[in-house]
file entry31.pdb (PDB, C-alpha atoms and all ligand atoms)
MODEL        1
ATOM      1  CA  MET J   1      35.979  82.164-206.076  1.00  0.00           C
ATOM      2  CA  SER J   2      37.876  79.147-207.400  1.00  0.00           C
ATOM      3  CA  GLU J   3      35.991  75.920-208.168  1.00  0.00           C
ATOM      4  CA  PRO J   4      35.781  73.576-205.167  1.00  0.00           C
ATOM      5  CA  LEU J   5      38.208  70.666-205.419  1.00  0.00           C
ATOM      6  CA  ALA J   6      36.554  67.332-206.331  1.00  0.00           C
ATOM      7  CA  VAL J   7      37.491  65.904-202.944  1.00  0.00           C
ATOM      8  CA  VAL J   8      35.341  64.313-200.261  1.00  0.00           C
ATOM      9  CA  THR J   9      36.822  64.736-196.779  1.00  0.00           C
ATOM     10  CA  ILE J  10      35.793  62.383-193.973  1.00  0.00           C
ATOM     11  CA  ASP J  11      37.082  63.333-190.533  1.00  0.00           C
ATOM     12  CA  GLY J  12      36.248  62.060-187.089  1.00  0.00           C
ATOM     13  CA  PRO J  13      37.578  60.297-183.995  1.00  0.00           C
ATOM     14  CA  SER J  14      39.232  56.888-183.963  1.00  0.00           C
ATOM     15  CA  GLY J  15      37.152  53.743-184.377  1.00  0.00           C
ATOM     16  CA  VAL J  16      34.197  55.554-185.932  1.00  0.00           C
ATOM     17  CA  GLY J  17      34.359  53.435-189.103  1.00  0.00           C
ATOM     18  CA  LYS J  18      35.971  56.130-191.264  1.00  0.00           C
ATOM     19  CA  SER J  19      38.194  53.782-193.248  1.00  0.00           C
ATOM     20  CA  THR J  20      35.494  51.271-194.209  1.00  0.00           C
ATOM     21  CA  ILE J  21      33.094  54.050-195.092  1.00  0.00           C
ATOM     22  CA  SER J  22      35.683  56.092-196.997  1.00  0.00           C
ATOM     23  CA  ARG J  23      36.792  53.046-198.995  1.00  0.00           C
ATOM     24  CA  ARG J  24      33.231  52.209-199.985  1.00  0.00           C
ATOM     25  CA  VAL J  25      32.317  55.787-200.837  1.00  0.00           C
ATOM     26  CA  ALA J  26      35.471  56.054-202.978  1.00  0.00           C
ATOM     27  CA  ALA J  27      34.597  52.825-204.820  1.00  0.00           C
ATOM     28  CA  ARG J  28      31.043  54.007-205.501  1.00  0.00           C
ATOM     29  CA  LEU J  29      32.220  57.386-206.818  1.00  0.00           C
ATOM     30  CA  GLY J  30      35.185  55.970-208.761  1.00  0.00           C
ATOM     31  CA  PHE J  31      37.505  58.123-206.609  1.00  0.00           C
ATOM     32  CA  THR J  32      40.830  57.175-204.964  1.00  0.00           C
ATOM     33  CA  TYR J  33      40.846  56.620-201.217  1.00  0.00           C
ATOM     34  CA  LEU J  34      43.517  58.522-199.264  1.00  0.00           C
ATOM     35  CA  ASP J  35      44.113  57.147-195.754  1.00  0.00           C
ATOM     36  CA  THR J  36      46.043  59.985-194.067  1.00  0.00           C
ATOM     37  CA  GLY J  37      46.204  58.182-190.697  1.00  0.00           C
ATOM     38  CA  ALA J  38      48.270  55.424-192.323  1.00  0.00           C
ATOM     39  CA  MET J  39      50.930  58.045-193.056  1.00  0.00           C
ATOM     40  CA  TYR J  40      51.106  59.201-189.401  1.00  0.00           C
ATOM     41  CA  ARG J  41      51.327  55.546-188.427  1.00  0.00           C
ATOM     42  CA  ALA J  42      54.268  55.015-190.815  1.00  0.00           C
ATOM     43  CA  VAL J  43      56.150  57.932-189.237  1.00  0.00           C
ATOM     44  CA  ALA J  44      55.419  56.513-185.759  1.00  0.00           C
ATOM     45  CA  LEU J  45      56.724  53.089-186.789  1.00  0.00           C
ATOM     46  CA  ARG J  46      59.952  54.565-188.134  1.00  0.00           C
ATOM     47  CA  CYS J  47      60.461  56.489-184.855  1.00  0.00           C
ATOM     48  CA  ARG J  48      60.034  53.238-182.948  1.00  0.00           C
ATOM     49  CA  GLN J  49      62.390  51.367-185.276  1.00  0.00           C
ATOM     50  CA  GLU J  50      65.026  54.057-184.731  1.00  0.00           C
ATOM     51  CA  ASN J  51      64.340  54.318-180.999  1.00  0.00           C
ATOM     52  CA  LEU J  52      63.566  58.010-181.305  1.00  0.00           C
ATOM     53  CA  ALA J  53      61.847  59.690-178.380  1.00  0.00           C
ATOM     54  CA  ILE J  54      58.699  61.399-179.692  1.00  0.00           C
ATOM     55  CA  THR J  55      59.466  64.298-177.374  1.00  0.00           C
ATOM     56  CA  ASN J  56      62.639  64.951-179.381  1.00  0.00           C
ATOM     57  CA  GLU J  57      60.983  67.053-182.090  1.00  0.00           C
ATOM     58  CA  LYS J  58      64.290  67.929-183.771  1.00  0.00           C
ATOM     59  CA  ALA J  59      65.337  64.298-184.168  1.00  0.00           C
ATOM     60  CA  VAL J  60      61.905  63.326-185.504  1.00  0.00           C
ATOM     61  CA  ALA J  61      61.966  66.272-187.947  1.00  0.00           C
ATOM     62  CA  ALA J  62      65.378  65.131-189.222  1.00  0.00           C
ATOM     63  CA  ILE J  63      64.087  61.747-190.440  1.00  0.00           C
ATOM     64  CA  LEU J  64      61.120  63.200-192.360  1.00  0.00           C
ATOM     65  CA  PRO J  65      62.892  64.207-195.596  1.00  0.00           C
ATOM     66  CA  LEU J  66      64.384  60.691-195.798  1.00  0.00           C
ATOM     67  CA  LEU J  67      61.064  58.856-195.569  1.00  0.00           C
ATOM     68  CA  ASN J  68      59.450  57.319-198.613  1.00  0.00           C
ATOM     69  CA  ILE J  69      55.827  56.458-197.809  1.00  0.00           C
ATOM     70  CA  ARG J  70      53.757  54.785-200.512  1.00  0.00           C
ATOM     71  CA  LEU J  71      50.088  53.898-200.138  1.00  0.00           C
ATOM     72  CA  LEU J  72      48.561  51.023-202.104  1.00  0.00           C
ATOM     73  CA  PRO J  73      44.859  50.145-202.227  1.00  0.00           C
ATOM     74  CA  ALA J  74      43.626  47.300-200.027  1.00  0.00           C
ATOM     75  CA  ARG J  75      43.209  43.998-201.881  1.00  0.00           C
ATOM     76  CA  SER J  76      39.996  43.025-200.102  1.00  0.00           C
ATOM     77  CA  GLU J  77      37.175  44.458-197.980  1.00  0.00           C
ATOM     78  CA  GLN J  78      38.852  43.103-194.839  1.00  0.00           C
ATOM     79  CA  GLU J  79      42.163  44.811-195.506  1.00  0.00           C
ATOM     80  CA  GLU J  80      43.207  48.376-194.751  1.00  0.00           C
ATOM     81  CA  THR J  81      45.321  50.567-197.048  1.00  0.00           C
ATOM     82  CA  ARG J  82      48.682  48.877-197.658  1.00  0.00           C
ATOM     83  CA  VAL J  83      51.699  50.912-196.656  1.00  0.00           C
ATOM     84  CA  ILE J  84      55.187  50.626-198.108  1.00  0.00           C
ATOM     85  CA  LEU J  85      57.826  52.363-196.026  1.00  0.00           C
ATOM     86  CA  ASP J  86      61.164  52.727-197.796  1.00  0.00           C
ATOM     87  CA  GLY J  87      60.349  49.750-199.994  1.00  0.00           C
ATOM     88  CA  VAL J  88      59.196  47.456-197.167  1.00  0.00           C
ATOM     89  CA  GLU J  89      55.557  46.572-196.576  1.00  0.00           C
ATOM     90  CA  VAL J  90      54.555  47.568-193.020  1.00  0.00           C
ATOM     91  CA  SER J  91      50.767  47.344-193.317  1.00  0.00           C
ATOM     92  CA  GLU J  92      50.407  45.068-190.284  1.00  0.00           C
ATOM     93  CA  GLU J  93      53.082  46.582-188.041  1.00  0.00           C
ATOM     94  CA  ILE J  94      51.529  50.045-188.237  1.00  0.00           C
ATOM     95  CA  ARG J  95      48.146  48.875-186.943  1.00  0.00           C
ATOM     96  CA  THR J  96      49.000  47.586-183.473  1.00  0.00           C
ATOM     97  CA  PRO J  97      47.584  49.373-180.386  1.00  0.00           C
ATOM     98  CA  GLU J  98      51.127  50.506-179.511  1.00  0.00           C
ATOM     99  CA  ILE J  99      51.672  52.215-182.874  1.00  0.00           C
ATOM    100  CA  SER J 100      48.169  53.748-182.651  1.00  0.00           C
ATOM    101  CA  MET J 101      49.149  55.573-179.480  1.00  0.00           C
ATOM    102  CA  LEU J 102      52.552  56.537-180.887  1.00  0.00           C
ATOM    103  CA  ALA J 103      50.928  57.838-184.096  1.00  0.00           C
ATOM    104  CA  SER J 104      48.686  60.089-182.044  1.00  0.00           C
ATOM    105  CA  ALA J 105      51.779  61.445-180.254  1.00  0.00           C
ATOM    106  CA  VAL J 106      53.846  62.094-183.420  1.00  0.00           C
ATOM    107  CA  SER J 107      50.838  63.709-185.067  1.00  0.00           C
ATOM    108  CA  ALA J 108      51.001  66.550-182.531  1.00  0.00           C
ATOM    109  CA  LEU J 109      54.449  67.610-183.824  1.00  0.00           C
ATOM    110  CA  GLY J 110      54.490  70.604-186.162  1.00  0.00           C
ATOM    111  CA  PRO J 111      57.207  69.339-188.544  1.00  0.00           C
ATOM    112  CA  VAL J 112      55.419  65.997-188.960  1.00  0.00           C
ATOM    113  CA  ARG J 113      52.108  67.710-189.724  1.00  0.00           C
ATOM    114  CA  SER J 114      53.584  70.090-192.271  1.00  0.00           C
ATOM    115  CA  ALA J 115      55.526  67.349-194.090  1.00  0.00           C
ATOM    116  CA  LEU J 116      52.533  65.006-194.281  1.00  0.00           C
ATOM    117  CA  THR J 117      50.049  67.760-195.147  1.00  0.00           C
ATOM    118  CA  ARG J 118      52.275  68.709-198.089  1.00  0.00           C
ATOM    119  CA  MET J 119      52.427  65.092-199.276  1.00  0.00           C
ATOM    120  CA  GLN J 120      48.650  64.694-198.916  1.00  0.00           C
ATOM    121  CA  ARG J 121      47.960  67.830-200.940  1.00  0.00           C
ATOM    122  CA  GLU J 122      50.237  66.536-203.702  1.00  0.00           C
ATOM    123  CA  MET J 123      48.374  63.216-203.683  1.00  0.00           C
ATOM    124  CA  GLY J 124      45.038  65.035-203.916  1.00  0.00           C
ATOM    125  CA  ALA J 125      46.007  67.755-206.362  1.00  0.00           C
ATOM    126  CA  THR J 126      44.228  66.117-209.282  1.00  0.00           C
ATOM    127  CA  GLY J 127      40.979  65.749-207.311  1.00  0.00           C
ATOM    128  CA  LYS J 128      38.665  62.731-207.358  1.00  0.00           C
ATOM    129  CA  ILE J 129      39.774  61.497-203.964  1.00  0.00           C
ATOM    130  CA  VAL J 130      38.136  60.607-200.677  1.00  0.00           C
ATOM    131  CA  ALA J 131      40.516  61.837-197.966  1.00  0.00           C
ATOM    132  CA  GLU J 132      40.071  60.439-194.486  1.00  0.00           C
ATOM    133  CA  GLY J 133      41.626  61.570-191.188  1.00  0.00           C
ATOM    134  CA  ARG J 134      41.302  64.223-188.496  1.00  0.00           C
ATOM    135  CA  ASP J 135      42.059  67.487-190.324  1.00  0.00           C
ATOM    136  CA  THR J 136      41.363  66.745-193.988  1.00  0.00           C
ATOM    137  CA  GLY J 137      38.391  69.137-194.144  1.00  0.00           C
ATOM    138  CA  THR J 138      39.891  71.834-191.915  1.00  0.00           C
ATOM    139  CA  VAL J 139      43.567  71.965-192.922  1.00  0.00           C
ATOM    140  CA  VAL J 140      44.584  69.650-195.753  1.00  0.00           C
ATOM    141  CA  PHE J 141      41.728  70.349-198.198  1.00  0.00           C
ATOM    142  CA  PRO J 142      39.824  73.390-196.908  1.00  0.00           C
ATOM    143  CA  GLY J 143      38.527  73.905-200.463  1.00  0.00           C
ATOM    144  CA  ALA J 144      37.059  70.381-200.742  1.00  0.00           C
ATOM    145  CA  ALA J 145      33.631  70.216-202.377  1.00  0.00           C
ATOM    146  CA  TRP J 146      32.144  67.791-199.832  1.00  0.00           C
ATOM    147  CA  LYS J 147      33.010  67.536-196.151  1.00  0.00           C
ATOM    148  CA  ILE J 148      31.738  64.987-193.666  1.00  0.00           C
ATOM    149  CA  TYR J 149      32.349  64.771-189.918  1.00  0.00           C
ATOM    150  CA  LEU J 150      31.599  61.269-188.621  1.00  0.00           C
ATOM    151  CA  ASP J 151      30.970  60.647-184.955  1.00  0.00           C
ATOM    152  CA  ALA J 152      29.755  57.856-182.634  1.00  0.00           C
ATOM    153  CA  SER J 153      29.843  57.250-178.882  1.00  0.00           C
ATOM    154  CA  PRO J 154      33.198  56.064-177.420  1.00  0.00           C
ATOM    155  CA  GLU J 155      31.551  52.801-176.270  1.00  0.00           C
ATOM    156  CA  VAL J 156      30.322  51.943-179.763  1.00  0.00           C
ATOM    157  CA  ARG J 157      33.718  52.826-181.228  1.00  0.00           C
ATOM    158  CA  ALA J 158      35.558  50.686-178.643  1.00  0.00           C
ATOM    159  CA  LYS J 159      33.306  47.721-179.505  1.00  0.00           C
ATOM    160  CA  ARG J 160      34.122  48.078-183.207  1.00  0.00           C
ATOM    161  CA  ARG J 161      37.854  48.314-182.516  1.00  0.00           C
ATOM    162  CA  ILE J 162      37.729  45.229-180.253  1.00  0.00           C
ATOM    163  CA  ARG J 163      35.960  43.271-182.993  1.00  0.00           C
ATOM    164  CA  GLN J 164      38.553  44.365-185.587  1.00  0.00           C
ATOM    165  CA  LEU J 165      41.490  43.384-183.364  1.00  0.00           C
ATOM    166  CA  ARG J 166      39.884  40.008-182.520  1.00  0.00           C
ATOM    167  CA  GLU J 167      39.309  39.344-186.219  1.00  0.00           C
ATOM    168  CA  ARG J 168      43.029  39.826-186.670  1.00  0.00           C
ATOM    169  CA  GLY J 169      43.614  37.214-183.961  1.00  0.00           C
ATOM    170  CA  GLU J 170      44.874  39.665-181.344  1.00  0.00           C
ATOM    171  CA  GLU J 171      44.166  39.341-177.620  1.00  0.00           C
ATOM    172  CA  VAL J 172      42.292  42.355-176.331  1.00  0.00           C
ATOM    173  CA  ASN J 173      41.568  43.892-172.975  1.00  0.00           C
ATOM    174  CA  GLU J 174      38.217  45.627-173.486  1.00  0.00           C
ATOM    175  CA  ALA J 175      38.605  48.215-170.710  1.00  0.00           C
ATOM    176  CA  GLU J 176      42.053  49.110-172.007  1.00  0.00           C
ATOM    177  CA  ILE J 177      40.792  49.640-175.577  1.00  0.00           C
ATOM    178  CA  LEU J 178      38.019  51.966-174.346  1.00  0.00           C
ATOM    179  CA  ALA J 179      40.526  53.896-172.213  1.00  0.00           C
ATOM    180  CA  GLN J 180      42.891  54.203-175.201  1.00  0.00           C
ATOM    181  CA  ILE J 181      40.093  55.490-177.429  1.00  0.00           C
ATOM    182  CA  VAL J 182      39.083  58.111-174.868  1.00  0.00           C
ATOM    183  CA  LYS J 183      42.710  59.191-174.388  1.00  0.00           C
ATOM    184  CA  ARG J 184      43.458  59.306-178.126  1.00  0.00           C
ATOM    185  CA  ASP J 185      40.325  61.425-178.761  1.00  0.00           C
ATOM    186  CA  ARG J 186      41.335  63.827-176.035  1.00  0.00           C
ATOM    187  CA  ASP J 187      44.928  64.110-177.272  1.00  0.00           C
ATOM    188  CA  ASP J 188      43.843  64.453-180.930  1.00  0.00           C
ATOM    189  CA  SER J 189      41.243  67.128-180.073  1.00  0.00           C
ATOM    190  CA  GLU J 190      43.294  69.137-177.622  1.00  0.00           C
ATOM    191  CA  ARG J 191      46.564  69.463-179.546  1.00  0.00           C
ATOM    192  CA  THR J 192      47.441  72.954-180.694  1.00  0.00           C
ATOM    193  CA  ILE J 193      48.124  72.224-184.354  1.00  0.00           C
ATOM    194  CA  ALA J 194      45.325  70.918-186.594  1.00  0.00           C
ATOM    195  CA  PRO J 195      43.229  69.419-183.783  1.00  0.00           C
ATOM    196  CA  LEU J 196      40.427  66.983-184.518  1.00  0.00           C
ATOM    197  CA  LYS J 197      37.340  69.084-185.160  1.00  0.00           C
ATOM    198  CA  ALA J 198      34.561  69.448-187.667  1.00  0.00           C
ATOM    199  CA  ALA J 199      35.041  72.043-190.415  1.00  0.00           C
ATOM    200  CA  PRO J 200      32.338  74.708-190.134  1.00  0.00           C
ATOM    201  CA  ASP J 201      30.981  73.624-193.516  1.00  0.00           C
ATOM    202  CA  ALA J 202      31.059  69.866-192.759  1.00  0.00           C
ATOM    203  CA  VAL J 203      27.915  67.747-192.617  1.00  0.00           C
ATOM    204  CA  ARG J 204      27.851  65.863-189.312  1.00  0.00           C
ATOM    205  CA  ILE J 205      26.754  62.237-189.269  1.00  0.00           C
ATOM    206  CA  ASP J 206      26.393  60.360-185.970  1.00  0.00           C
ATOM    207  CA  SER J 207      26.756  56.686-186.863  1.00  0.00           C
ATOM    208  CA  THR J 208      25.720  55.337-183.428  1.00  0.00           C
ATOM    209  CA  GLY J 209      23.073  52.727-184.202  1.00  0.00           C
ATOM    210  CA  MET J 210      23.571  52.971-187.985  1.00  0.00           C
ATOM    211  CA  SER J 211      24.874  50.232-190.253  1.00  0.00           C
ATOM    212  CA  VAL J 212      27.883  50.838-192.514  1.00  0.00           C
ATOM    213  CA  ASP J 213      25.577  50.723-195.559  1.00  0.00           C
ATOM    214  CA  GLU J 214      23.332  53.401-194.071  1.00  0.00           C
ATOM    215  CA  VAL J 215      26.257  55.708-193.401  1.00  0.00           C
ATOM    216  CA  VAL J 216      27.658  55.153-196.912  1.00  0.00           C
ATOM    217  CA  GLU J 217      24.272  56.057-198.411  1.00  0.00           C
ATOM    218  CA  GLN J 218      24.079  59.210-196.295  1.00  0.00           C
ATOM    219  CA  VAL J 219      27.543  60.322-197.414  1.00  0.00           C
ATOM    220  CA  LEU J 220      26.694  59.638-201.064  1.00  0.00           C
ATOM    221  CA  GLY J 221      23.459  61.559-200.517  1.00  0.00           C
ATOM    222  CA  VAL J 222      25.477  64.592-199.375  1.00  0.00           C
ATOM    223  CA  VAL J 223      27.650  64.392-202.507  1.00  0.00           C
ATOM    224  CA  GLN J 224      24.644  64.063-204.814  1.00  0.00           C
ATOM    225  CA  GLN J 225      22.623  66.796-203.110  1.00  0.00           C
ATOM    226  CA  GLN J 226      25.466  69.284-203.084  1.00  0.00           C
ATOM    227  CA  GLN J 227      26.288  68.457-206.698  1.00  0.00           C
ATOM    228  CA  LYS J 228      22.741  69.396-207.664  1.00  0.00           C
ATOM    229  CA  ALA J 229      22.926  72.574-205.631  1.00  0.00           C
ATOM    230  CA  GLY J 230      26.271  73.584-207.173  1.00  0.00           C
TER     231      GLY J 230
HETATM  232  O1  LIG O 301      43.005  57.259-188.416  1.00  0.00           O
HETATM  233  P1  LIG O 301      44.118  56.531-187.676  1.00  0.00           P
HETATM  234  O2  LIG O 301      43.654  55.877-186.398  1.00  0.00           O
HETATM  235  O3  LIG O 301      44.851  55.558-188.542  1.00  0.00           O
HETATM  236  O4  LIG O 301      45.159  57.686-187.264  1.00  0.00           O
HETATM  237  C1  LIG O 301      46.274  57.435-186.445  1.00  0.00           C
HETATM  238  C2  LIG O 301      46.643  58.705-185.674  1.00  0.00           C
HETATM  239  O5  LIG O 301      47.119  59.681-186.598  1.00  0.00           O
HETATM  240  C3  LIG O 301      45.491  59.379-184.914  1.00  0.00           C
HETATM  241  O6  LIG O 301      45.552  59.122-183.522  1.00  0.00           O
HETATM  242  C4  LIG O 301      45.682  60.836-185.140  1.00  0.00           C
HETATM  243  C5  LIG O 301      46.638  60.963-186.270  1.00  0.00           C
HETATM  244  N1  LIG O 301      46.048  61.593-187.466  1.00  0.00           N
HETATM  245  C6  LIG O 301      46.071  62.953-187.540  1.00  0.00           C
HETATM  246  O7  LIG O 301      46.504  63.610-186.595  1.00  0.00           O
HETATM  247  N2  LIG O 301      45.628  63.590-188.648  1.00  0.00           N
HETATM  248  C7  LIG O 301      45.122  62.897-189.669  1.00  0.00           C
HETATM  249  N3  LIG O 301      44.684  63.553-190.756  1.00  0.00           N
HETATM  250  C8  LIG O 301      45.055  61.479-189.601  1.00  0.00           C
HETATM  251  C9  LIG O 301      45.520  60.850-188.469  1.00  0.00           C
ENDMDL
END
call {"tool": "encode", "arguments": {"input": "entry31.pdb", "output": "structure tokens"}}
result
Amino acid sequence: MSEPLAVVTIDGPSGVGKSTISRRVAARLGFTYLDTGAMYRAVALRCRQENLAITNEKAVAAILPLLNIRLLPARSEQEETRVILDGVEVSEEIRTPEISMLASAVSALGPVRSALTRMQREMGATGKIVAEGRDTGTVVFPGAAWKIYLDASPEVRAKRRIRQLRERGEEVNEAEILAQIVKRDRDDSERTIAPLKAAPDAVRIDSTGMSVDEVVEQVLGVVQQQQKAG
């Protein structure tokens, strides 16, 4: 068998704290953080900018070869991955509730998944990355050395998302955010291609009631333990 790829995959539903945890784990390991959701968000934003109906798979597929998506590391703990779409920074525009829902919809399209999966594999080919998303352990990097599936109750996840949006100065309707989280989970888990699910060899961590630091330590523990075993 070939050597496992030096990649940590962290998958799980929205609002579970994947990005904060992945960023910190990457920093501790000296790995690069790969935010795959940011790429789906960039495609969604471009569809909105071009007024493309997400149901028009052919039209969406046609814009994919023309897209240039670059990811830059966040400059502070409070920031997410910075995204440059065709030379223009769109880091804020891609993180609105509207684009979140649209990203979930475009991510169900086969051509979008294959184009982005290919790009993600290229980005991770040299190893030493922490890849975060919905299918990084199942589809993008099935040969990853360490796989984590993070989960938490929808209520806890909605609370975290509400806090994040408020910190960014956005007005939020709490019931609406919870409903969006529940809908996005259902859509992400029930789609035919690369649905959200734990890889059979993933370690599951339920972060309900855990602090970010505790989860980070658990993930690092998995890496260290499996390194010893290997
Ligand atoms: O992680 P996020 O909220 O930024 O992801 C936005 C959407 O992109 C999410 O609803 C599902 C989709 N996504 C995906 O299908 N596969 C991934 N690997 C990452 C994200």
call {"tool": "resolve_selection", "arguments": {"input": "entry31.pdb", "expression": "the PyMOL selection byres (((chain J and resi 31) around 12) and not hetatm)", "output": "MDAnalysis selection string"}}
result
chainID J and resid 6:9 22:30 32:34 73 124 126:131
call {"tool": "resolve_selection", "arguments": {"input": "entry31.pdb", "expression": "the PyMOL selection byres (((chain J and resi 152) around 8) and not hetatm)", "output": "PyMOL selection string"}}
result
chain J and resi 16+150-151+153-154+156-157+206-208
call {"tool": "write_last_selection", "arguments": {"input": "entry31.pdb", "atoms": "C-alpha atoms", "output": "JSON list (two decimals), keeping the file's coordinate frame"}}
result
[["chain", "number", "residue", "atom", "x", "y", "z"],
["J", 16, "VAL", "CA", 34.20, 55.55, -185.93],
["J", 150, "LEU", "CA", 31.60, 61.27, -188.62],
["J", 151, "ASP", "CA", 30.97, 60.65, -184.96],
["J", 153, "SER", "CA", 29.84, 57.25, -178.88],
["J", 154, "PRO", "CA", 33.20, 56.06, -177.42],
["J", 156, "VAL", "CA", 30.32, 51.94, -179.76],
["J", 157, "ARG", "CA", 33.72, 52.83, -181.23],
["J", 206, "ASP", "CA", 26.39, 60.36, -185.97],
["J", 207, "SER", "CA", 26.76, 56.69, -186.86],
["J", 208, "THR", "CA", 25.72, 55.34, -183.43]]
call {"tool": "atom_distance", "arguments": {"input": "entry31.pdb", "atom1": "CA of Ala194 in chain J", "atom2": "CA of Arg113 in chain J"}}
result
8.1 Å
call {"tool": "closest_residue", "arguments": {"input": "entry31.pdb", "among": "J:Pro4, J:Gly87, J:Gly12, J:Gly37", "to": "ligand LIG 301 (chain O)", "atoms": "only C-alpha atoms and all ligand atoms"}}
result
J:Gly37
call {"tool": "residues_near_ligand", "arguments": {"input": "entry31.pdb", "ligand": "ligand LIG 301 (chain O)", "cutoff": "6 Å", "atoms": "only C-alpha atoms and all ligand atoms", "output": "list of chain:residue names"}}
result
J:Ser14, J:Thr36, J:Gly37, J:Ala38, J:Tyr40, J:Arg41, J:Ser100, J:Ala103, J:Ser104, J:Ser107, J:Gly133, J:Arg134, J:Asp135, J:Thr136, J:Arg184, J:Asp188
call {"tool": "atom_distance", "arguments": {"input": "entry31.pdb", "atom1": "CA of Val219 in chain J", "atom2": "CA of Pro13 in chain J"}}
result
16.8 Å
call {"tool": "closest_residue", "arguments": {"input": "entry31.pdb", "among": "J:Ile162, J:Leu102, J:Ala42, J:Val222", "to": "Lys147 in chain J", "atoms": "only C-alpha atoms"}}
result
J:Val222
call {"tool": "closest_residue", "arguments": {"input": "entry31.pdb", "among": "J:Gln164, J:Val106, J:Ala158, J:Leu52", "to": "Glu176 in chain J", "atoms": "only C-alpha atoms"}}
result
J:Ala158
call {"tool": "closest_residue", "arguments": {"input": "entry31.pdb", "among": "J:Gln224, J:Leu64, J:Ser114, J:Gly15", "to": "Asp185 in chain J", "atoms": "all atoms listed in the file"}}
result
J:Gly15
call {"tool": "closest_residue", "arguments": {"input": "entry31.pdb", "among": "J:Ala105, J:Thr81, J:Arg46, J:Glu214", "to": "Glu190 in chain J", "atoms": "only C-alpha atoms"}}
result
J:Ala105
call {"tool": "residues_around", "arguments": {"input": "entry31.pdb", "residues": "Ile99 in chain J", "least_positions_apart": "6", "cutoff": "8 Å", "atoms": "only C-alpha atoms", "output": "ChimeraX atom specification"}}
result
/J:41,44-45,93
call {"tool": "atom_distance", "arguments": {"input": "entry31.pdb", "atom1": "CA of Val60 in chain J", "atom2": "CA of Lys183 in chain J"}}
result
22.6 Å
call {"tool": "resolve_selection", "arguments": {"input": "entry31.pdb", "expression": "the PyMOL selection byres (((chain J and resi 144) around 6) and not hetatm)", "output": "list in words"}}
result
Pro4, Leu5, Val7, Phe141, Pro142, Gly143, Ala145 and Trp146 of chain J
call {"tool": "closest_residue", "arguments": {"input": "entry31.pdb", "among": "J:Met101, J:Pro195, J:Met39, J:Thr117", "to": "Leu85 in chain J", "atoms": "all atoms listed in the file"}}
result
J:Met39
